[in-house]
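What's in data.txt: compact mmCIF, C-alpha atoms
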```txt
# COMPACT_ATOMS: atom_id res chain seq x y z
CA MET A 156 -99.83 -1.42 -1.40
CA VAL A 157 -99.17 -5.13 -1.32
CA ILE A 158 -98.95 -5.20 2.46
CA TYR A 159 -102.53 -3.89 2.74
CA GLY A 160 -103.80 -6.97 0.95
CA VAL A 161 -101.66 -9.28 3.06
CA ALA A 162 -102.71 -7.44 6.22
CA ILE A 163 -106.45 -7.61 5.46
CA LEU A 164 -106.12 -11.29 4.54
CA ALA A 165 -104.29 -11.95 7.81
CA LEU A 166 -106.85 -9.94 9.76
CA CYS A 167 -109.73 -11.94 8.22
CA THR A 168 -107.96 -15.22 9.00
CA VAL A 169 -107.18 -14.22 12.60
CA VAL A 170 -110.67 -12.80 13.26
CA GLY A 171 -112.20 -15.91 11.67
CA ALA A 172 -110.06 -18.16 13.85
CA ALA A 173 -111.04 -16.20 16.97
CA LEU A 174 -114.76 -16.28 16.10
CA GLY A 175 -114.45 -20.00 15.30
CA ASP A 176 -112.88 -20.65 18.71
CA LEU A 177 -115.60 -18.60 20.45
CA LEU A 178 -118.34 -20.35 18.46
CA GLY A 179 -116.88 -23.68 19.55
CA LEU A 180 -116.91 -22.52 23.16
CA ALA A 181 -120.50 -21.32 22.80
CA ILE A 182 -121.85 -24.62 21.49
CA GLY A 183 -119.68 -26.72 23.79
CA VAL A 184 -117.40 -28.25 21.14
CA LYS A 185 -113.72 -28.33 22.05
CA ALA A 186 -112.87 -27.14 18.57
CA ASN A 187 -112.58 -24.26 16.19
CA VAL A 188 -115.98 -24.20 14.52
CA GLY A 189 -115.83 -22.94 10.94
CA GLY A 190 -113.07 -20.38 11.54
CA VAL A 191 -111.76 -20.73 7.99
CA GLY A 192 -115.27 -20.50 6.53
CA ILE A 193 -116.05 -17.37 8.58
CA ALA A 194 -112.75 -15.81 7.48
CA MET A 195 -113.64 -16.54 3.82
CA LEU A 196 -117.03 -14.86 4.19
CA LEU A 197 -115.31 -11.85 5.85
CA LEU A 198 -112.84 -11.56 2.98
CA VAL A 199 -115.61 -11.80 0.36
CA ALA A 200 -117.56 -9.09 2.21
CA ILE A 201 -114.51 -6.80 2.48
CA ARG A 202 -113.67 -7.28 -1.19
CA TRP A 203 -117.26 -6.51 -2.18
CA TRP A 204 -117.21 -3.37 -0.04
CA MET A 205 -113.82 -2.24 -1.43
CA VAL A 206 -114.90 -2.73 -5.04
CA LYS A 207 -118.01 -0.68 -4.31
CA ALA A 208 -115.94 2.07 -2.67
CA GLY A 209 -113.46 1.99 -5.58
CA GLY A 210 -110.54 1.20 -3.30
CA LEU A 211 -109.38 -2.15 -4.65
CA SER A 212 -105.85 -1.36 -5.89
CA PRO A 213 -103.72 -3.77 -7.98
CA GLY A 214 -101.22 -3.94 -5.12
CA PHE A 215 -103.92 -4.96 -2.66
CA LYS A 216 -105.19 -7.65 -5.04
CA PHE A 217 -101.68 -8.97 -5.56
CA GLY A 218 -101.13 -9.21 -1.81
CA VAL A 219 -104.12 -11.53 -1.48
CA GLU A 220 -103.86 -13.40 -4.76
CA PHE A 221 -100.24 -14.37 -4.17
CA TRP A 222 -101.37 -16.43 -1.19
CA SER A 223 -104.32 -17.81 -3.13
CA LEU A 224 -101.84 -19.06 -5.74
CA MET A 225 -99.65 -20.56 -2.99
CA TYR A 226 -102.58 -22.70 -1.85
CA ILE A 227 -101.74 -25.82 -3.86
CA PRO A 228 -98.01 -25.81 -2.90
CA ILE A 229 -98.99 -25.33 0.75
CA VAL A 230 -101.40 -28.27 0.47
CA VAL A 231 -98.50 -30.30 -1.01
CA ALA A 232 -96.37 -29.36 2.02
CA MET A 233 -99.29 -30.35 4.25
CA ALA A 234 -99.60 -33.70 2.46
CA ALA A 235 -95.87 -34.33 2.96
CA GLN A 236 -96.21 -34.20 6.74
CA GLN A 237 -99.13 -36.58 7.19
CA ASN A 238 -98.87 -39.94 8.88
CA VAL A 239 -99.20 -41.84 5.60
CA VAL A 240 -97.54 -44.96 6.99
CA ALA A 241 -100.48 -45.37 9.35
CA ALA A 242 -103.01 -44.52 6.62
CA VAL A 243 -101.66 -47.14 4.20
CA LYS A 244 -102.81 -49.81 6.63
CA GLY A 245 -106.37 -48.55 6.14
CA GLY A 246 -106.03 -48.41 2.33
CA PRO A 247 -109.39 -50.00 1.44
CA VAL A 248 -111.24 -47.26 3.38
CA VAL A 249 -109.74 -44.62 1.09
CA LEU A 250 -110.46 -46.62 -2.06
CA VAL A 251 -114.07 -47.52 -1.24
CA ALA A 252 -115.01 -44.13 0.24
CA GLY A 253 -113.46 -42.20 -2.66
CA VAL A 254 -114.91 -44.28 -5.49
CA VAL A 255 -118.44 -44.55 -4.04
CA ALA A 256 -118.60 -40.85 -3.13
CA VAL A 257 -117.54 -39.74 -6.62
CA ALA A 258 -119.85 -42.20 -8.43
CA LEU A 259 -122.93 -41.11 -6.44
CA SER A 260 -122.06 -37.41 -6.83
CA PHE A 261 -121.74 -37.79 -10.61
CA ALA A 262 -125.14 -39.51 -10.70
CA CYS A 263 -126.76 -36.58 -8.87
CA VAL A 264 -125.68 -33.92 -11.41
CA PRO A 265 -128.37 -34.72 -14.03
CA LEU A 266 -130.95 -35.24 -11.27
CA LEU A 267 -130.37 -31.69 -10.01
CA ALA A 268 -129.58 -29.85 -13.25
CA GLY A 269 -131.95 -31.82 -15.46
CA ARG A 270 -131.48 -32.20 -19.17
CA ARG A 271 -131.39 -28.84 -20.90
CA LYS A 272 -134.99 -27.85 -21.51
CA PRO A 273 -135.98 -25.88 -24.65
CA ASP A 274 -136.89 -22.75 -22.64
CA GLU A 275 -133.43 -22.68 -21.07
CA ALA A 276 -131.48 -23.34 -24.23
CA GLY A 277 -130.93 -19.65 -24.86
CA GLN A 278 -129.32 -18.96 -21.49
CA MET B 25 -68.09 -28.51 8.14
CA ILE B 26 -71.06 -30.84 8.60
CA ASP B 27 -71.94 -29.00 11.81
CA VAL B 28 -71.87 -25.64 10.02
CA LEU B 29 -74.14 -26.93 7.23
CA GLN B 30 -76.52 -28.44 9.75
CA GLY B 31 -76.73 -24.98 11.32
CA THR B 32 -77.54 -23.50 7.91
CA ILE B 33 -80.26 -26.07 7.34
CA ALA B 34 -81.79 -25.39 10.75
CA ALA B 35 -81.76 -21.62 10.17
CA GLN B 36 -83.20 -21.74 6.63
CA GLY B 37 -85.99 -24.27 7.17
CA LEU B 38 -88.89 -22.45 5.52
CA LEU B 39 -86.78 -21.42 2.50
CA ILE B 40 -85.63 -25.02 2.01
CA ALA B 41 -89.30 -26.01 2.09
CA PHE B 42 -90.06 -23.53 -0.73
CA VAL B 43 -87.25 -25.06 -2.82
CA VAL B 44 -88.37 -28.63 -2.11
CA VAL B 45 -92.06 -27.96 -2.83
CA GLY B 46 -91.09 -25.96 -5.92
CA ALA B 47 -89.13 -28.99 -7.18
CA ILE B 48 -92.11 -31.27 -6.42
CA MET B 49 -94.45 -28.96 -8.36
CA PHE B 50 -92.02 -28.85 -11.29
CA ALA B 51 -91.75 -32.63 -11.40
CA ALA B 52 -95.52 -33.01 -11.05
CA TYR B 53 -96.36 -30.60 -13.87
CA PHE B 54 -93.71 -32.24 -16.06
CA VAL B 55 -95.27 -35.67 -15.46
CA SER B 56 -98.77 -34.23 -15.98
CA LYS B 57 -97.86 -32.67 -19.33
CA HIS B 58 -95.64 -35.35 -20.81
CA LEU B 59 -96.73 -38.65 -19.26
CA THR B 60 -100.50 -38.16 -18.79
CA MET B 61 -100.92 -35.70 -21.69
CA GLY B 62 -102.49 -33.21 -19.28
CA ARG B 63 -105.29 -35.57 -18.34
CA ILE B 64 -104.32 -35.69 -14.65
CA HIS B 65 -103.76 -32.17 -13.33
CA GLY B 66 -100.26 -31.33 -12.04
CA SER B 67 -101.59 -30.27 -8.65
CA ALA B 68 -103.08 -33.72 -8.05
CA ILE B 69 -99.80 -35.42 -8.97
CA ALA B 70 -97.90 -33.01 -6.68
CA ILE B 71 -100.15 -33.90 -3.76
CA VAL B 72 -99.65 -37.61 -4.44
CA ILE B 73 -95.86 -37.03 -4.50
CA GLY B 74 -96.22 -35.23 -1.16
CA LEU B 75 -98.10 -38.18 0.32
CA VAL B 76 -95.50 -40.63 -1.05
CA LEU B 77 -92.67 -38.55 0.48
CA ALA B 78 -94.57 -38.52 3.78
CA TRP B 79 -94.70 -42.31 3.58
CA VAL B 80 -90.95 -42.48 2.85
CA GLY B 81 -90.19 -40.07 5.72
CA GLY B 82 -92.41 -41.98 8.12
CA THR B 83 -90.84 -45.30 7.14
CA MET B 84 -87.29 -43.94 7.52
CA THR B 85 -87.75 -42.26 10.90
CA GLY B 86 -90.64 -44.19 12.45
CA GLY B 87 -92.15 -40.81 13.30
CA THR B 88 -95.69 -39.57 12.78
CA LYS B 89 -95.05 -36.31 10.89
CA GLY B 90 -93.97 -37.72 7.54
CA VAL B 91 -91.10 -35.92 5.88
CA VAL B 92 -90.95 -33.28 8.63
CA ASP B 93 -89.23 -35.75 10.98
CA LEU B 94 -86.15 -35.51 8.75
CA PRO B 95 -84.15 -32.40 9.85
CA LEU B 96 -83.55 -31.27 6.26
CA PHE B 97 -87.30 -31.00 5.65
CA ALA B 98 -88.36 -29.53 9.00
CA GLY B 99 -89.41 -26.31 7.23
CA ILE B 100 -92.16 -28.23 5.42
CA GLY B 101 -93.83 -28.30 8.83
CA ILE B 102 -94.05 -24.49 8.84
CA MET B 103 -95.10 -24.19 5.19
CA GLY B 104 -97.82 -26.83 5.44
CA GLY B 105 -98.71 -26.09 9.06
CA ALA B 106 -102.10 -24.88 10.22
CA MET B 107 -101.32 -21.15 10.13
CA LEU B 108 -100.16 -20.79 6.52
CA ARG B 109 -102.61 -23.46 5.35
CA ASP B 110 -105.64 -21.55 6.69
CA PHE B 111 -104.14 -18.26 5.44
CA ALA B 112 -103.87 -19.57 1.86
CA ILE B 113 -107.30 -21.23 1.88
CA VAL B 114 -108.96 -18.00 3.01
CA ALA B 115 -107.16 -16.18 0.18
CA THR B 116 -108.82 -18.40 -2.45
CA ALA B 117 -112.20 -16.92 -1.46
CA PHE B 118 -111.01 -13.60 -2.89
CA ASP B 119 -111.87 -14.64 -6.43
CA VAL B 120 -115.54 -15.25 -5.66
CA ASP B 121 -117.63 -12.59 -7.38
CA VAL B 122 -120.76 -11.77 -5.35
CA ALA B 123 -122.83 -10.65 -8.38
CA GLU B 124 -121.94 -13.80 -10.30
CA ALA B 125 -122.62 -15.89 -7.23
CA ARG B 126 -126.17 -14.57 -7.01
CA LYS B 127 -126.80 -15.71 -10.59
CA ALA B 128 -125.85 -19.26 -9.61
CA GLY B 129 -129.20 -19.20 -7.84
CA MET B 130 -130.98 -21.80 -5.83
CA VAL B 131 -129.92 -24.88 -7.76
CA GLY B 132 -126.25 -24.01 -7.19
CA ALA B 133 -126.83 -23.63 -3.46
CA VAL B 134 -128.86 -26.84 -3.28
CA SER B 135 -126.14 -28.71 -5.17
CA ILE B 136 -123.53 -27.50 -2.63
CA VAL B 137 -125.64 -28.74 0.30
CA ILE B 138 -126.31 -32.15 -1.28
CA GLY B 139 -122.78 -32.25 -2.71
CA ILE B 140 -121.36 -31.96 0.82
CA ALA B 141 -123.87 -34.17 2.61
CA LEU B 142 -123.73 -37.10 0.17
CA PRO B 143 -119.95 -37.81 0.14
CA PHE B 144 -119.81 -37.06 3.87
CA VAL B 145 -122.39 -39.76 4.60
CA VAL B 146 -120.65 -42.18 2.20
CA GLY B 147 -117.22 -41.51 3.75
CA ALA B 148 -118.46 -41.80 7.32
CA ALA B 149 -120.47 -44.95 6.51
CA VAL B 150 -117.48 -46.62 4.83
CA ALA B 151 -115.24 -45.67 7.77
CA TRP B 152 -117.84 -47.10 10.15
CA SER B 153 -118.06 -50.33 8.15
CA PHE B 154 -114.26 -50.63 8.41
CA GLY B 155 -114.43 -50.50 12.19
CA TYR B 156 -114.07 -46.83 13.11
CA SER B 157 -116.66 -45.95 15.72
CA ASP B 158 -115.63 -42.68 17.38
CA ALA B 159 -117.40 -39.52 16.20
CA VAL B 160 -114.16 -37.58 15.58
CA SER B 161 -112.68 -40.21 13.23
CA LEU B 162 -115.98 -40.78 11.38
CA THR B 163 -116.48 -37.04 10.89
CA THR B 164 -112.87 -36.52 9.75
CA ILE B 165 -112.95 -39.33 7.18
CA GLY B 166 -116.44 -38.29 6.02
CA ALA B 167 -115.16 -34.72 5.63
CA GLY B 168 -112.21 -36.06 3.62
CA ALA B 169 -114.70 -37.49 1.13
CA VAL B 170 -115.98 -33.89 0.82
CA THR B 171 -112.56 -32.46 -0.16
CA TYR B 172 -108.94 -32.92 0.87
CA ILE B 173 -109.16 -29.45 2.46
CA VAL B 174 -112.39 -29.93 4.40
CA GLY B 175 -111.04 -33.25 5.77
CA PRO B 176 -107.87 -31.97 7.46
CA VAL B 177 -109.48 -28.65 8.49
CA THR B 178 -112.25 -30.61 10.19
CA GLY B 179 -109.84 -33.17 11.64
CA ALA B 180 -107.51 -30.46 12.98
CA ALA B 181 -110.44 -28.63 14.57
CA LEU B 182 -111.70 -31.83 16.22
CA GLY B 183 -108.27 -33.11 17.23
CA ALA B 184 -108.32 -36.25 15.06
CA SER B 185 -105.28 -38.55 15.13
CA SER B 186 -102.72 -38.17 12.36
CA ASP B 187 -103.43 -41.55 10.75
CA VAL B 188 -107.13 -40.65 10.48
CA MET B 189 -106.07 -37.28 9.03
CA ALA B 190 -103.99 -39.11 6.42
CA LEU B 191 -106.95 -41.37 5.53
CA SER B 192 -109.11 -38.28 5.27
CA ILE B 193 -106.66 -36.47 2.97
CA GLY B 194 -106.11 -39.66 0.96
CA THR B 195 -109.86 -40.00 0.34
CA GLY B 196 -110.09 -36.36 -0.72
CA VAL B 197 -107.10 -36.66 -3.04
CA LEU B 198 -108.51 -39.81 -4.63
CA LYS B 199 -111.80 -37.97 -5.15
CA ALA B 200 -110.01 -35.03 -6.83
CA VAL B 201 -108.03 -37.38 -9.09
CA LEU B 202 -111.14 -39.37 -10.02
CA VAL B 203 -113.06 -36.18 -10.85
CA MET B 204 -110.21 -34.93 -13.04
CA VAL B 205 -109.89 -38.19 -14.96
CA ALA B 206 -113.53 -39.26 -15.18
CA THR B 207 -115.24 -35.93 -15.96
CA PRO B 208 -114.31 -35.73 -19.67
CA MET B 209 -115.40 -39.36 -20.13
CA ILE B 210 -118.70 -39.05 -18.30
CA ALA B 211 -119.71 -35.46 -19.19
CA ARG B 212 -121.97 -36.44 -22.10
CA HIS B 213 -123.87 -38.97 -19.99
CA ILE B 214 -124.74 -36.50 -17.20
CA GLY B 215 -125.72 -33.59 -19.47
CA LEU B 216 -122.63 -31.57 -18.60
CA ASP B 217 -122.70 -29.25 -21.61
CA ASN B 218 -124.16 -25.94 -20.37
CA PRO B 219 -123.48 -23.32 -17.67
CA ARG B 220 -126.37 -24.46 -15.48
CA SER B 221 -125.24 -28.08 -15.27
CA ALA B 222 -121.62 -26.89 -14.87
CA MET B 223 -122.67 -24.90 -11.80
CA VAL B 224 -124.50 -27.91 -10.39
CA PHE B 225 -121.46 -30.05 -11.20
CA GLY B 226 -119.17 -27.61 -9.34
CA GLY B 227 -121.44 -27.68 -6.31
CA MET B 228 -121.87 -31.45 -6.41
CA MET B 229 -118.20 -32.44 -6.79
CA GLY B 230 -116.77 -29.43 -4.95
CA THR B 231 -113.08 -30.25 -5.22
CA THR B 232 -111.90 -27.10 -7.02
CA SER B 233 -108.80 -28.67 -8.55
CA GLY B 234 -110.82 -31.67 -9.71
CA VAL B 235 -113.71 -29.57 -11.03
CA THR B 236 -111.60 -27.01 -12.87
CA ALA B 237 -109.23 -29.60 -14.35
CA GLY B 238 -112.12 -31.92 -15.27
CA LEU B 239 -114.12 -29.13 -16.91
CA ALA B 240 -111.04 -27.78 -18.70
CA ALA B 241 -110.61 -31.19 -20.32
CA THR B 242 -114.33 -31.30 -21.18
CA ASP B 243 -115.09 -27.75 -22.37
CA PRO B 244 -112.96 -24.78 -21.20
CA LYS B 245 -115.99 -22.45 -21.49
CA LEU B 246 -117.63 -24.27 -18.56
CA VAL B 247 -114.68 -23.79 -16.16
CA PRO B 248 -115.72 -20.49 -14.50
CA TYR B 249 -119.24 -21.77 -13.84
CA GLY B 250 -118.00 -24.90 -12.11
CA ALA B 251 -115.31 -22.97 -10.25
CA LEU B 252 -117.88 -20.48 -8.97
CA THR B 253 -119.90 -23.01 -7.01
CA SER B 254 -116.91 -25.17 -6.10
CA THR B 255 -115.12 -22.21 -4.45
CA PHE B 256 -118.08 -21.93 -2.07
CA TYR B 257 -118.09 -25.67 -1.47
CA THR B 258 -114.85 -25.88 0.51
CA GLY B 259 -115.78 -22.82 2.58
CA VAL B 260 -119.20 -24.21 3.43
CA GLY B 261 -117.63 -27.61 4.08
CA CYS B 262 -115.09 -26.09 6.50
CA LEU B 263 -117.96 -24.29 8.22
CA VAL B 264 -120.28 -27.29 8.66
CA GLY B 265 -117.67 -30.08 9.01
CA PRO B 266 -116.47 -29.46 12.57
CA SER B 267 -119.85 -28.06 13.64
CA VAL B 268 -123.21 -29.32 12.25
CA LEU B 269 -121.89 -32.55 10.74
CA TYR B 270 -119.76 -33.42 13.77
CA LEU B 271 -122.67 -32.80 16.13
CA ALA B 272 -124.92 -34.96 13.95
CA VAL B 273 -122.41 -37.83 13.96
CA ARG B 274 -121.86 -37.47 17.70
CA ALA B 275 -125.62 -37.56 18.30
CA LEU B 276 -125.89 -40.71 16.14
CA MET B 277 -122.93 -42.47 17.76
CA GLY B 278 -123.93 -41.46 21.25
CA GLY B 279 -120.72 -39.80 22.27
```
Would you mind writing the file out in structure tokens?
Amino acid sequence: MVIYGVAILALCTVVGAALGDLLGLAIGVKANVGGVGIAMLLLVAIRWWMVKAGGLSPGFKFGVEFWSLMYIPIVVAMAAQQNVVAAVKGGPVVLVAGVVAVALSFACVPLLAGRRKPDEAGQ
Amino acid sequence: MIDVLQGTIAAQGLLIAFVVVGAIMFAAYFVSKHLTMGRIHGSAIAIVIGLVLAWVGGTMTGGTKGVVDLPLFAGIGIMGGAMLRDFAIVATAFDVDVAEARKAGMVGAVSIVIGIALPFVVGAAVAWSFGYSDAVSLTTIGAGAVTYIVGPVTGAALGASSDVMALSIGTGVLKAVLVMVATPMIARHIGLDNPRSAMVFGGMMGTTSGVTAGLAATDPKLVPYGALTSTFYTGVGCLVGPSVLYLAVRALMGG
């Protein structure tokens, strides 16, 4: 049933948000600490458990994946309500931070992955 | 008659938002396909359109909530608000396969850690050099250089101001666009031609839309490997942004 997927997804998100709030309280930060990340780990764990138990129905998957597919449009809606007028004043920050971050990250890929060595070529 | 229609608009806010965002997505994918020949992914163009509309809305109303300050688009505030945003982001974790994730191994995990720390430090340092000195703003802008999701999630959790949020999202969007456009050009020079380097690439760059679009334009066979690590990236970023990274910045800035 589609609603089961939506319900589990909602439960993970709510539980994650609650744990994030409590974690924030525990470490003395007036903030939700990693609620979304915790919810993601919960969902991955539940999915893993359901696949193992053979209970992952197409309806359940659809209930979750619909929202996963709505993620970009929702981010577009989020972008449309930001205070861009104020951000435009700080334009150079965006430009410099974005370009430098991407250039350095690109440079790190070969440092970490290395060139393909002969013994790994068959992988 | 105007009064009646205004009542309709007020009652149907979220549905109007679906129509408006659907139209934005359609326009964005049309531009992506026909004007950039698919080189810039439609989702990146859509987000830029969203930011432009927010600028137009803010200029028209003098408000701080972009297009949402216009009554017709109030529903955008629900659709892109914290509740549905977090709901949809959590849903994307569903496609992570635990068995596959284990195969990504140490180098994938290491790349995620460095891939988050490096742009965060760059973003925060640039923000600092431009005169921001409070820990919340530095963390939020640094997190925006991680991804355009980690930025606002971190900023919302820390209570950052909306203009800092917009800078944070702007940095993340620019990063995603740069990754999409530059990856096919630079792939050969960074050895991006096998699953292992694709996994490292996904963990290093992290922005899922940027990574998947960039790899698709480079070699479609590499897409799942990059996506695998990059889907963890945003989750880990959301976890450490408002917590470990914020505390580190606060310790450095002394308050």
For a test of reading the model, state the distance in Å between CA of Thr168 (chain A) and CA of Gly190 (chain A), rounded to one decimal.
7.7 Å
Tell me, as a ChimeraX atom specification, which residues lie within 12 Å of Tyr257 (chain B), counting all atoms listed in the file; anything in the same chain fewer than 5 positions away does not count.
/A:192,195 /B:116-117,120,132-141,167,170-174,223-232,235,250-252,262-265
Who sits within 10 Å of Pro213 (chain A), only C-alpha atoms, same chain under 5 positions skipped, as a VMD selection string
chain A and resid 156 to 157 160 218
Contact table region 195-276 of chain B vs region 143-158 of chain B, cut-off 10 Å, shortest pair per residue, only C-alpha atoms, as JSON lines:
```
{"residue": "B:Thr195", "atom": "CA", "partner": "B:Gly147", "partner_atom": "CA", "distance": 8.3}
{"residue": "B:Gly196", "atom": "CA", "partner": "B:Gly147", "partner_atom": "CA", "distance": 9.9}
{"residue": "B:Lys199", "atom": "CA", "partner": "B:Pro143", "partner_atom": "CA", "distance": 9.7}
{"residue": "B:Met228", "atom": "CA", "partner": "B:Pro143", "partner_atom": "CA", "distance": 9.3}
{"residue": "B:Met229", "atom": "CA", "partner": "B:Pro143", "partner_atom": "CA", "distance": 8.9}
{"residue": "B:Gly261", "atom": "CA", "partner": "B:Phe144", "partner_atom": "CA", "distance": 9.7}
{"residue": "B:Gly265", "atom": "CA", "partner": "B:Phe144", "partner_atom": "CA", "distance": 8.9}
{"residue": "B:Leu269", "atom": "CA", "partner": "B:Phe144", "partner_atom": "CA", "distance": 8.5}
{"residue": "B:Val273", "atom": "CA", "partner": "B:Ala148", "partner_atom": "CA", "distance": 8.7}
{"residue": "B:Arg274", "atom": "CA", "partner": "B:Asp158", "partner_atom": "CA", "distance": 8.1}
```
If we count only C-alpha atoms, what is near Ala162 (chain A) at a cut-off of 12 Å, once residues fewer than 3 positions away on the same chain are taken out, given as a VMD selection string?
(chain A and resid 156 to 159 165 to 170 198 214 to 219 222) or (chain B and resid 111 115)
If you measure from CA of Asp93 (chain B) to CA of Ala70 (chain B), what distance in Å do you get, rounded to one decimal?
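Between CA of Asp93 (chain B) and CA of Ala70 (chain B) the gap works out to 19.9 Å.
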Computed interatomic separation between CA of Val247 (chain B) and CA of Ala235 (chain A) (Å):
28.8 Å
Using only C-alpha atoms, find the one residue out of A:Leu266, A:Met233, A:Ala258, A:Ile193 that sits nearest to chain B.
A:Met233
Using only C-alpha atoms, the shortest atom-to-atom distance to Val91 (chain B) among B:Gly74, B:Gly105, B:Gly168, B:Gly37 belongs to B:Gly74
Just need the box for region 206-224 of chain A, edges along x, y and z, holding every atom the file lists for it with 3 Å tacked onto each side, so centre and edge lengths in Å to one decimal, as AutoDock Vina command-line options.
```
--center_x -109.1 --center_y -8.5 --center_z -4.6 --size_x 23.8 --size_y 27.1 --size_z 12.8
```
Min atom-atom distance to chain B from the set A:Ala181, A:Leu224, A:Leu211, A:Ala256, counting all atoms listed in the file, belongs to A:Ala256
